[in-house]
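This is query.txt (compact mmCIF, C-alpha atoms and all ligand atoms).
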# COMPACT_ATOMS: atom_id res chain seq x y z
CA MET S 1 69.42 121.54 113.69
CA PRO S 2 71.16 118.52 112.17
CA ALA S 3 74.81 118.30 113.06
CA ALA S 4 77.16 118.97 110.16
CA ALA S 5 79.35 116.05 109.16
CA PRO S 6 82.78 116.49 110.74
CA ALA S 7 85.29 117.86 108.26
CA SER S 8 87.49 114.83 108.93
CA ALA S 9 84.75 112.29 108.04
CA PRO S 10 86.49 109.59 106.00
CA VAL S 11 85.53 109.47 102.34
CA GLN S 12 84.08 106.05 101.72
CA LYS S 13 86.02 103.85 99.33
CA THR S 14 84.92 104.30 95.71
CA ILE S 15 84.06 100.63 95.16
CA LEU S 16 81.79 100.65 98.23
CA ARG S 17 80.11 103.84 97.02
CA ALA S 18 79.38 102.31 93.61
CA LEU S 19 78.08 99.15 95.29
CA ALA S 20 75.77 101.32 97.39
CA GLY S 21 74.26 102.62 94.15
CA GLU S 22 76.15 105.89 93.71
CA THR S 23 76.96 107.15 90.21
CA LEU S 24 80.58 108.34 90.25
CA ALA S 25 82.20 110.72 87.75
CA THR S 26 85.01 108.18 87.25
CA PRO S 27 84.17 104.52 87.75
CA PRO S 28 86.36 102.62 90.20
CA ILE S 29 88.43 99.94 88.52
CA TRP S 30 89.91 96.52 89.17
CA MET S 31 90.54 93.54 86.93
CA MET S 32 89.70 89.84 87.12
CA ARG S 33 92.91 87.78 87.53
CA GLN S 34 94.81 91.00 88.17
CA ALA S 35 97.35 88.97 90.13
CA GLY S 36 98.55 86.52 87.52
CA ARG S 37 101.07 85.22 85.05
CA TYR S 38 101.10 88.31 82.80
CA LEU S 39 103.08 90.03 85.60
CA PRO S 40 106.78 89.15 85.95
CA GLU S 41 106.62 89.80 89.70
CA TYR S 42 103.81 87.22 90.01
CA ARG S 43 105.84 84.62 88.13
CA ALA S 44 108.79 85.27 90.43
CA THR S 45 106.72 84.82 93.61
CA ARG S 46 105.04 81.71 92.24
CA ALA S 47 108.45 80.23 91.52
CA GLN S 48 109.47 81.04 95.09
CA ALA S 49 106.34 79.27 96.40
CA GLY S 50 107.06 76.21 94.23
CA ASP S 51 103.70 75.79 92.53
CA PHE S 52 100.27 77.37 92.26
CA LEU S 53 98.59 75.52 95.16
CA SER S 54 101.55 76.11 97.47
CA LEU S 55 101.19 79.80 96.63
CA CYS S 56 97.46 79.74 97.47
CA TYR S 57 98.12 78.13 100.87
CA ASN S 58 101.07 80.37 101.80
CA PRO S 59 99.48 83.45 103.47
CA GLU S 60 102.57 85.68 103.23
CA LEU S 61 103.19 84.95 99.56
CA ALA S 62 99.48 84.94 98.61
CA ALA S 63 99.17 88.38 100.23
CA GLU S 64 102.29 89.49 98.35
CA VAL S 65 100.87 88.56 94.92
CA THR S 66 97.53 90.16 95.83
CA LEU S 67 99.37 93.41 96.56
CA GLN S 68 101.54 93.38 93.42
CA PRO S 69 98.92 94.77 90.99
CA ILE S 70 97.86 97.35 93.61
CA ARG S 71 101.43 98.64 93.86
CA ARG S 72 101.98 98.59 90.10
CA TYR S 73 98.66 100.12 88.98
CA GLY S 74 96.78 101.54 91.99
CA PHE S 75 93.60 99.55 91.32
CA ASP S 76 90.64 100.55 93.51
CA ALA S 77 90.18 96.97 94.72
CA ALA S 78 92.35 94.00 95.56
CA ILE S 79 90.93 90.50 95.16
CA LEU S 80 92.13 87.85 97.55
CA PHE S 81 94.56 85.50 95.84
CA ALA S 82 93.17 81.97 96.03
CA ASP S 83 91.14 79.72 93.70
CA ILE S 84 87.55 78.54 93.46
CA LEU S 85 88.77 74.92 93.49
CA LEU S 86 90.10 75.09 97.04
CA VAL S 87 86.55 74.46 98.31
CA PRO S 88 86.29 71.06 96.56
CA GLN S 89 89.70 70.21 97.97
CA ALA S 90 88.49 71.19 101.45
CA LEU S 91 85.47 68.91 100.92
CA GLY S 92 87.84 66.02 100.26
CA ALA S 93 88.38 66.04 96.48
CA ASP S 94 91.91 65.46 95.21
CA LEU S 95 93.16 68.57 93.39
CA TRP S 96 96.26 69.24 91.33
CA PHE S 97 97.25 71.58 88.51
CA VAL S 98 98.87 70.37 85.30
CA THR S 99 101.20 73.07 83.95
CA GLY S 100 99.95 74.49 80.69
CA GLU S 101 96.65 72.60 80.96
CA GLY S 102 94.80 73.60 84.12
CA PRO S 103 93.15 71.96 87.11
CA ARG S 104 92.53 68.25 87.65
CA LEU S 105 90.30 66.80 90.39
CA SER S 106 89.01 63.40 91.38
CA THR S 107 85.55 62.89 89.80
CA ILE S 108 82.03 62.38 91.15
CA SER S 109 79.27 60.80 89.09
CA ASP S 110 76.79 59.30 91.54
CA GLN S 111 75.60 59.01 95.14
CA SER S 112 78.68 57.05 96.27
CA GLY S 113 80.93 59.85 95.03
CA PHE S 114 78.88 62.37 96.94
CA ASP S 115 78.84 60.19 100.08
CA ALA S 116 82.65 60.17 100.17
CA LEU S 117 82.79 63.96 100.65
CA LYS S 118 83.45 65.62 103.97
CA PRO S 119 80.76 67.68 105.70
CA ALA S 120 80.79 71.44 105.10
CA SER S 121 81.86 71.99 108.71
CA ALA S 122 85.24 70.34 107.91
CA ILE S 123 86.37 72.91 105.33
CA HIS S 124 88.15 75.25 107.73
CA ASP S 125 90.81 72.59 108.46
CA THR S 126 92.03 73.10 104.89
CA LEU S 127 91.03 76.72 104.29
CA SER S 128 92.34 78.43 107.42
CA PRO S 129 95.49 79.73 105.61
CA ILE S 130 93.17 81.63 103.26
CA TYR S 131 91.61 83.48 106.21
CA GLU S 132 95.15 84.33 107.33
CA THR S 133 95.86 85.84 103.88
CA VAL S 134 92.74 88.01 104.22
CA LYS S 135 93.90 89.19 107.66
CA ILE S 136 97.32 90.17 106.35
CA LEU S 137 95.72 92.03 103.44
CA SER S 138 93.28 93.95 105.57
CA ARG S 139 96.30 95.23 107.55
CA GLU S 140 98.53 95.97 104.58
CA LEU S 141 96.29 97.38 101.85
CA PRO S 142 96.24 101.14 101.29
CA ALA S 143 93.32 102.83 103.09
CA GLU S 144 91.51 103.62 99.82
CA THR S 145 91.67 100.07 98.42
CA THR S 146 88.71 97.73 98.89
CA LEU S 147 89.40 94.07 99.71
CA ILE S 148 87.24 91.62 97.75
CA GLY S 149 86.85 88.01 98.89
CA PHE S 150 85.39 85.38 96.57
CA ALA S 151 84.21 81.85 95.97
CA GLY S 152 82.97 79.85 93.02
CA ALA S 153 79.22 79.47 92.61
CA PRO S 154 77.88 75.99 93.38
CA TRP S 155 77.11 75.10 89.75
CA THR S 156 80.55 76.10 88.45
CA VAL S 157 82.32 74.35 91.33
CA ALA S 158 80.15 71.25 90.76
CA THR S 159 81.10 71.15 87.06
CA TYR S 160 84.76 70.71 88.06
CA MET S 161 84.00 68.24 90.88
CA ILE S 162 81.95 66.05 88.55
CA ALA S 163 84.15 66.13 85.41
CA GLY S 164 87.46 66.41 87.26
CA ARG S 165 88.55 69.20 84.91
CA GLY S 166 87.29 72.12 82.84
CA THR S 167 85.06 71.00 79.96
CA PRO S 168 83.86 72.92 76.90
CA ASP S 169 80.16 72.22 77.44
CA GLN S 170 79.98 71.01 81.06
CA GLY S 171 78.62 67.74 79.64
CA PRO S 172 79.41 65.47 82.62
CA ALA S 173 77.69 67.86 85.06
CA HIS S 174 74.60 68.08 82.86
CA ALA S 175 74.60 64.28 82.58
CA MET S 176 74.66 63.88 86.37
CA ARG S 177 72.02 66.59 86.79
CA GLU S 178 69.73 64.55 84.55
CA GLY S 179 70.86 61.01 85.40
CA ALA S 180 71.38 61.20 89.18
CA PRO S 181 69.31 64.24 90.20
CA GLU S 182 69.21 63.43 93.92
CA ALA S 183 72.97 63.09 94.24
CA PHE S 184 73.40 66.20 92.07
CA ASP S 185 71.05 68.26 94.25
CA ALA S 186 72.85 67.00 97.36
CA LEU S 187 76.16 68.09 95.86
CA ILE S 188 74.83 71.57 95.05
CA ALA S 189 73.46 71.85 98.60
CA ARG S 190 76.80 70.74 100.13
CA ILE S 191 78.78 73.26 98.06
CA THR S 192 76.26 76.00 98.90
CA GLU S 193 76.61 75.35 102.62
CA ALA S 194 80.41 75.24 102.41
CA THR S 195 80.47 78.44 100.35
CA ILE S 196 78.38 80.33 102.89
CA ASP S 197 80.76 79.29 105.68
CA TYR S 198 83.87 80.00 103.61
CA LEU S 199 82.74 83.50 102.57
CA SER S 200 81.55 84.21 106.08
CA MET S 201 85.03 83.46 107.42
CA GLN S 202 86.59 85.69 104.75
CA ILE S 203 84.27 88.52 105.85
CA GLU S 204 85.17 87.97 109.50
CA ALA S 205 88.85 88.10 108.54
CA GLY S 206 88.40 91.46 106.76
CA ALA S 207 86.90 91.01 103.28
CA GLU S 208 84.73 94.08 102.59
CA VAL S 209 82.90 92.71 99.55
CA VAL S 210 82.44 89.17 98.26
CA LYS S 211 82.09 88.00 94.68
CA ILE S 212 80.48 84.75 93.54
CA PHE S 213 82.00 83.46 90.27
CA ASP S 214 79.59 81.39 88.17
CA SER S 215 81.83 81.01 85.15
CA TRP S 216 79.67 78.33 83.54
CA ALA S 217 76.22 79.78 84.31
CA GLY S 218 75.72 80.29 80.57
CA SER S 219 75.29 76.57 79.96
CA LEU S 220 72.21 76.44 82.22
CA LYS S 221 68.98 77.28 80.42
CA GLY S 222 65.42 78.00 81.54
CA ASP S 223 64.36 76.24 84.72
CA ALA S 224 67.86 74.80 85.21
CA PHE S 225 69.31 78.35 85.24
CA ARG S 226 66.75 79.36 87.85
CA ARG S 227 67.41 76.30 90.05
CA TYR S 228 71.17 76.03 89.81
CA ALA S 229 72.49 79.54 89.05
CA LEU S 230 69.94 81.95 90.47
CA GLU S 231 68.69 80.02 93.51
CA PRO S 232 72.12 79.15 95.02
CA ALA S 233 73.28 82.76 94.49
CA ARG S 234 70.13 83.95 96.25
CA GLU S 235 70.64 81.51 99.13
CA ILE S 236 74.31 82.42 99.62
CA THR S 237 73.59 86.16 99.43
CA ALA S 238 70.70 85.95 101.90
CA ALA S 239 72.71 83.88 104.40
CA LEU S 240 75.72 86.21 104.21
CA LYS S 241 73.59 89.32 104.63
CA ALA S 242 71.81 87.73 107.61
CA ARG S 243 75.16 86.98 109.27
CA HIS S 244 76.92 90.18 108.17
CA PRO S 245 74.33 92.92 107.66
CA GLY S 246 75.25 95.29 104.84
CA ILE S 247 77.96 93.12 103.29
CA PRO S 248 77.96 93.89 99.54
CA VAL S 249 77.78 90.94 97.15
CA ILE S 250 78.80 90.87 93.47
CA ALA S 251 77.27 88.05 91.41
CA PHE S 252 78.86 86.93 88.14
CA PRO S 253 76.59 84.56 86.20
CA ARG S 254 78.94 84.58 83.22
CA GLU S 255 77.35 84.38 79.76
CA ALA S 256 73.86 84.43 81.28
CA GLY S 257 72.63 86.60 78.37
CA GLU S 258 68.95 87.34 78.99
CA GLY S 259 69.46 85.70 82.39
CA TYR S 260 71.33 88.82 83.50
CA ILE S 261 68.04 90.74 83.42
CA GLY S 262 66.64 90.92 86.95
CA PHE S 263 69.45 88.74 88.38
CA GLY S 264 70.44 91.36 90.96
CA ARG S 265 66.91 91.84 92.23
CA ALA S 266 66.13 88.12 92.26
CA THR S 267 69.28 87.14 94.18
CA GLY S 268 69.66 90.22 96.39
CA ALA S 269 73.17 90.82 95.01
CA ASP S 270 74.28 94.47 95.07
CA CYS S 271 76.06 94.26 91.73
CA VAL S 272 75.89 92.05 88.65
CA ALA S 273 79.17 91.47 86.82
CA ILE S 274 78.76 91.31 83.04
CA ASP S 275 80.90 89.41 80.54
CA ASN S 276 81.65 90.82 77.09
CA SER S 277 79.31 88.56 75.11
CA VAL S 278 76.69 91.27 75.63
CA SER S 279 77.20 94.92 74.68
CA PRO S 280 77.67 97.57 77.38
CA GLU S 281 74.74 99.54 75.90
CA TRP S 282 72.46 96.50 76.24
CA ALA S 283 73.64 95.86 79.80
CA ALA S 284 73.15 99.54 80.73
CA GLU S 285 69.59 99.44 79.47
CA HIS S 286 68.54 96.07 80.87
CA VAL S 287 70.72 95.39 83.91
CA GLN S 288 72.13 98.67 85.23
CA LYS S 289 68.60 100.07 85.49
CA ASP S 290 68.29 97.89 88.62
CA GLY S 291 71.61 98.87 90.24
CA CYS S 292 75.36 98.60 90.08
CA VAL S 293 77.02 96.66 87.27
CA GLN S 294 80.62 95.59 86.79
CA GLY S 295 82.36 95.04 83.47
CA ASN S 296 82.80 94.46 80.60
CA LEU S 297 85.80 95.19 78.37
CA ALA S 298 86.99 92.20 76.30
CA SER S 299 90.15 90.84 77.92
CA SER S 300 91.66 90.30 74.44
CA HIS S 301 92.40 94.06 74.38
CA MET S 302 94.99 93.43 77.10
CA VAL S 303 96.88 91.37 74.50
CA THR S 304 96.32 93.53 71.42
CA GLY S 305 96.33 97.09 72.87
CA GLY S 306 96.42 100.18 70.63
CA GLN S 307 93.64 102.51 69.57
CA ALA S 308 91.04 99.71 69.62
CA LEU S 309 91.72 99.26 73.35
CA VAL S 310 91.25 103.01 73.94
CA ASP S 311 88.07 103.15 71.84
CA ASP S 312 86.44 100.15 73.47
CA THR S 313 87.44 101.27 76.98
CA GLN S 314 85.81 104.66 76.32
CA ARG S 315 82.75 102.93 74.92
CA VAL S 316 82.31 100.87 78.11
CA VAL S 317 82.76 103.90 80.37
CA ARG S 318 80.37 105.99 78.25
CA ALA S 319 77.68 103.30 78.12
CA PHE S 320 77.60 102.92 81.91
CA HIS S 321 78.40 106.46 83.07
CA LYS S 322 74.83 107.45 83.95
CA GLY S 323 74.55 104.83 86.69
CA PRO S 324 76.59 102.92 89.28
CA HIS S 325 79.47 101.12 87.57
CA ILE S 326 82.67 99.32 88.48
CA PHE S 327 84.99 99.08 85.48
CA ASN S 328 86.39 95.59 84.84
CA LEU S 329 87.09 93.12 82.07
CA GLY S 330 84.43 90.71 80.87
CA HIS S 331 86.59 87.77 82.04
CA GLY S 332 90.05 87.26 83.50
CA ILE S 333 93.19 88.72 81.95
CA THR S 334 95.22 86.05 80.13
CA PRO S 335 98.92 85.19 80.64
CA ASP S 336 99.88 86.54 77.19
CA ALA S 337 98.64 90.07 78.06
CA ASP S 338 101.05 93.02 77.98
CA PRO S 339 101.27 94.87 81.32
CA GLU S 340 101.55 98.17 79.36
CA ASN S 341 98.06 97.63 77.96
CA VAL S 342 96.65 97.39 81.48
CA ALA S 343 98.22 100.77 82.27
CA LEU S 344 96.70 102.22 79.08
CA MET S 345 93.24 100.90 80.01
CA ILE S 346 93.44 102.45 83.48
CA GLU S 347 94.67 105.78 82.14
CA THR S 348 91.83 105.82 79.59
CA VAL S 349 89.20 105.13 82.27
CA ARG S 350 90.56 107.76 84.63
CA ASN S 351 90.95 110.44 81.94
CA PHE S 352 87.53 109.89 80.39
CA ARG S 353 85.42 113.04 80.01
CA ASP S 354 82.10 112.85 78.24
O1 LIG P 1 91.26 87.31 90.11
C1 LIG P 1 92.25 87.16 90.84
O2 LIG P 1 93.35 87.73 90.61
C2 LIG P 1 92.11 86.37 92.12
C3 LIG P 1 92.52 85.01 92.09
C4 LIG P 1 91.72 84.01 91.29
C5 LIG P 1 92.33 82.91 90.64
N1 LIG P 1 91.36 82.11 90.15
C6 LIG P 1 93.78 82.66 90.56
C7 LIG P 1 94.29 81.73 89.55
C8 LIG P 1 90.35 83.89 91.10
C9 LIG P 1 89.23 84.82 91.51
C10 LIG P 1 90.12 82.67 90.40
C11 LIG P 1 88.80 82.17 90.04
C12 LIG P 1 88.66 80.96 89.24
N2 LIG P 1 89.45 79.86 89.26
C13 LIG P 1 87.58 80.71 88.37
C14 LIG P 1 86.42 81.64 88.16
C15 LIG P 1 86.74 82.77 87.26
C16 LIG P 1 87.02 82.38 85.85
O3 LIG P 1 88.17 82.61 85.42
O4 LIG P 1 86.11 81.91 85.16
C17 LIG P 1 87.78 79.45 87.80
C18 LIG P 1 86.89 78.78 86.79
C19 LIG P 1 88.97 78.91 88.37
C20 LIG P 1 89.55 77.57 88.14
C21 LIG P 1 90.90 77.66 87.55
N3 LIG P 1 92.01 78.09 88.24
C22 LIG P 1 91.29 77.32 86.24
C23 LIG P 1 90.36 76.81 85.16
C24 LIG P 1 92.65 77.56 86.14
C25 LIG P 1 93.55 77.26 84.98
C26 LIG P 1 93.45 78.25 83.91
C27 LIG P 1 94.61 79.20 84.00
O5 LIG P 1 94.38 80.42 83.92
O6 LIG P 1 95.72 78.71 84.14
C28 LIG P 1 93.07 78.11 87.40
C29 LIG P 1 94.43 78.52 87.75
C30 LIG P 1 94.59 79.90 88.31
N4 LIG P 1 93.79 80.50 89.24
C31 LIG P 1 95.67 80.78 88.02
C32 LIG P 1 95.48 81.92 88.81
C33 LIG P 1 96.37 83.11 88.89
C34 LIG P 1 96.81 80.47 87.10
C35 LIG P 1 97.68 79.45 87.79
C36 LIG P 1 99.14 79.69 87.64
O7 LIG P 1 99.71 80.65 88.20
O8 LIG P 1 99.75 78.83 86.98

Let me see whether you can do it: turn the structure in this file into structure tokens.
Ligand code: CP3
Amino acid sequence: MPAAAPASAPVQKTILRALAGETLATPPIWMMRQAGRYLPEYRATRAQAGDFLSLCYNPELAAEVTLQPIRRYGFDAAILFADILLVPQALGADLWFVTGEGPRLSTISDQSGFDALKPASAIHDTLSPIYETVKILSRELPAETTLIGFAGAPWTVATYMIAGRGTPDQGPAHAMREGAPEAFDALIARITEATIDYLSMQIEAGAEVVKIFDSWAGSLKGDAFRRYALEPAREITAALKARHPGIPVIAFPREAGEGYIGFGRATGADCVAIDNSVSPEWAAEHVQKDGCVQGNLASSHMVTGGQALVDDTQRVVRAFHKGPHIFNLGHGITPDADPENVALMIETVRNFRD
């Protein structure tokens, strides 16, 4: 006779259950950029740290801002507080943030720029405080809260390393991809290798899930999407799962459109995060049929609130409620958002009854 499960068997965390393919009555919820400037407590801690990068590299304070939205809202997951641009910095790029404008980096346009980078094995010299943040969080988070680690996807990270800043159309990266393809491929390979090592260290330090942010995947089309969005995500996922069997991976090829279809199967990712340029009904039909999806409420509702927020939140929950789903925004919450609207979104998700 099979032994009955002990009555005290721990209930697995909701995010991990959804990632394993379970359909839950209420989707677990977290929010991209949940630790951020829309929260007064974040702004206070950032002021204490001095500036954004000092906050990222201060394990005590980075853990504190990671915990703030968990305390305030009881999200089902915490995402490590760091930034995707720390990897370029660890590879030797200069990095600074201009208040009100965003990140600035030294630029790379050819083989000599690539040759000046450090090897992937050097990244831990710079990134070790991040692993310390993960260790603190895995001790301090509530037992039911899942800890998500993350990194930028190679293409998105490369767009910043090449242009030295965010660009509307990723023009400089496309120019290098076409004009200096060998140096470009070497750069993608270097970032891929560094990302595998970086995420692997986050997992060893206590991250229970990792997410790969490909914010600019939408500007890759056709064969370029396959080579530079899909293939690196597949390589990173395969390497992480070989080193850490069972580690769940969330892939976010933002604005991939039709490229979302089959992305989970092709990369081996356990969950595909969806932005709000596609409808939840479309994503349920074409993407969720293969497994867990995350998304995709427009983050503008966190600014505007009201009945439209409630209606669209219910629409997202309803569209995805027949399959595995993690509720989230379609992109990060913005600094002008009202913290009350976040509470309203969470209440709406948790009170939803079909
Ligand atoms: O989601 C979280 O709460 C975890 C922390 C996190 C940050 N950045 C903190 C941050 C994560 C996961 C990121 C990812 C990130 N960083 C991405 C991918 C996701 C996306 O938004 O598309 C990208 C492209 C970056 C690069 C980056 N960092 C930019 C373009 C900017 C400036 C824009 C802005 O919002 O100011 C940042 C800064 C940044 N990263 C902030 C935060 C909280 C704001 C900095 C501040 O406090 O002044």

Check the smallest atom-to-atom distance from each of S:Ser138, S:Ser215, S:Tyr260, S:Asp185 to Ile203 in chain S using only C-alpha atoms, then report the winner.
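Going through S:Ser138, S:Ser215, S:Tyr260, S:Asp185 one by one, the smallest distance to Ile203 in chain S is for S:Ser138.
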
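Of the residues listed (S:Arg265, S:Arg315, S:Arg226, S:His331), S:His331 shows the shortest atom-to-atom separation from ligand LIG 1 (chain P); distances use all atoms listed in the file.
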
CA of Val310 in chain S to atom C9 of ligand LIG 1 (chain P), straight-line distance in Å
25.4 Å

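The smallest atom-to-atom distance between ligand LIG 1 (chain P) and any of S:Ile261, S:Leu329, S:Val249, S:Val303, using all atoms listed in the file, is found for S:Leu329.
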
Could you state the separation of atom O6 of ligand LIG 1 (chain P) and CA of Ala122 in chain S in Å, given to one decimal place?
27.3 Å

Please provide as a PyMOL selection string all residues within 6 Å of Tyr131 in chain S, with the sequence filter that same-chain residues fewer than 3 positions apart are discarded (counting only C-alpha atoms).
chain S and resi 128+134+202+205

Any chance you could work out the axis-aligned box around ligand LIG 1 (chain P), listed atoms only, 3 Å on each side, giving centre and edge lengths in Å to one decimal, as JSON?
{"center_x": 92.9, "center_y": 82.3, "center_z": 88.0, "size_x": 19.6, "size_y": 16.9, "size_z": 14.2}

Restricting the calculation to all atoms listed in the file: of S:Thr192, S:Ser279, S:Thr237, S:Thr156, which residue gets closest to Pro119 in chain S?
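Of all the options, S:Thr192 lies closest to Pro119 in chain S.
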
In Å and to one decimal, CA of Ala35 in chain S is distant from CA of Ala273 in chain S by 18.6 Å

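Restricting the calculation to all atoms listed in the file, the smallest distance between Trp30 in chain S and any of S:Pro69, S:Ala47, S:Trp155, S:Phe75 is found for S:Phe75.
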
With N, CA and C atoms as the goal, would you fill in the gaps in range 213-227 of chain S and present it as an mmCIF file, in the frame of the given file?
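The result, written out as result08.cif:
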data_model
loop_
_atom_site.group_PDB
_atom_site.id
_atom_site.type_symbol
_atom_site.label_atom_id
_atom_site.label_comp_id
_atom_site.auth_asym_id
_atom_site.auth_seq_id
_atom_site.Cartn_x
_atom_site.Cartn_y
_atom_site.Cartn_z
ATOM 1 N N PHE S 213 81.651 83.699 91.682
ATOM 2 C CA PHE S 213 82.000 83.460 90.270
ATOM 3 C C PHE S 213 81.219 82.260 89.734
ATOM 4 N N ASP S 214 80.276 82.517 88.833
ATOM 5 C CA ASP S 214 79.590 81.390 88.170
ATOM 6 C C ASP S 214 79.997 81.373 86.700
ATOM 7 N N SER S 215 81.224 80.933 86.479
ATOM 8 C CA SER S 215 81.830 81.010 85.150
ATOM 9 C C SER S 215 81.070 80.227 84.094
ATOM 10 N N TRP S 216 80.366 79.183 84.511
ATOM 11 C CA TRP S 216 79.670 78.330 83.540
ATOM 12 C C TRP S 216 78.157 78.464 83.634
ATOM 13 N N ALA S 217 77.672 79.560 84.206
ATOM 14 C CA ALA S 217 76.220 79.780 84.310
ATOM 15 C C ALA S 217 75.551 79.757 82.945
ATOM 16 N N GLY S 218 76.294 80.201 81.912
ATOM 17 C CA GLY S 218 75.720 80.290 80.570
ATOM 18 C C GLY S 218 75.269 78.964 79.991
ATOM 19 N N SER S 219 75.739 77.847 80.532
ATOM 20 C CA SER S 219 75.290 76.570 79.960
ATOM 21 C C SER S 219 74.017 76.051 80.633
ATOM 22 N N LEU S 220 73.498 76.799 81.604
ATOM 23 C CA LEU S 220 72.210 76.440 82.220
ATOM 24 C C LEU S 220 71.110 77.249 81.528
ATOM 25 N N LYS S 221 70.059 76.585 81.125
ATOM 26 C CA LYS S 221 68.980 77.280 80.420
ATOM 27 C C LYS S 221 67.667 77.124 81.182
ATOM 28 N N GLY S 222 66.802 78.104 81.048
ATOM 29 C CA GLY S 222 65.420 78.000 81.540
ATOM 30 C C GLY S 222 65.349 77.656 83.022
ATOM 31 N N ASP S 223 64.573 76.611 83.316
ATOM 32 C CA ASP S 223 64.360 76.240 84.720
ATOM 33 C C ASP S 223 65.667 75.816 85.401
ATOM 34 N N ALA S 224 66.574 75.207 84.624
ATOM 35 C CA ALA S 224 67.860 74.800 85.210
ATOM 36 C C ALA S 224 68.671 76.028 85.628
ATOM 37 N N PHE S 225 68.617 77.108 84.860
ATOM 38 C CA PHE S 225 69.310 78.350 85.240
ATOM 39 C C PHE S 225 68.720 78.874 86.557
ATOM 40 N N ARG S 226 67.397 78.859 86.633
ATOM 41 C CA ARG S 226 66.750 79.360 87.850
ATOM 42 C C ARG S 226 67.150 78.513 89.070
ATOM 43 N N ARG S 227 67.128 77.185 88.903
ATOM 44 C CA ARG S 227 67.410 76.300 90.050
ATOM 45 C C ARG S 227 68.863 76.271 90.468
#
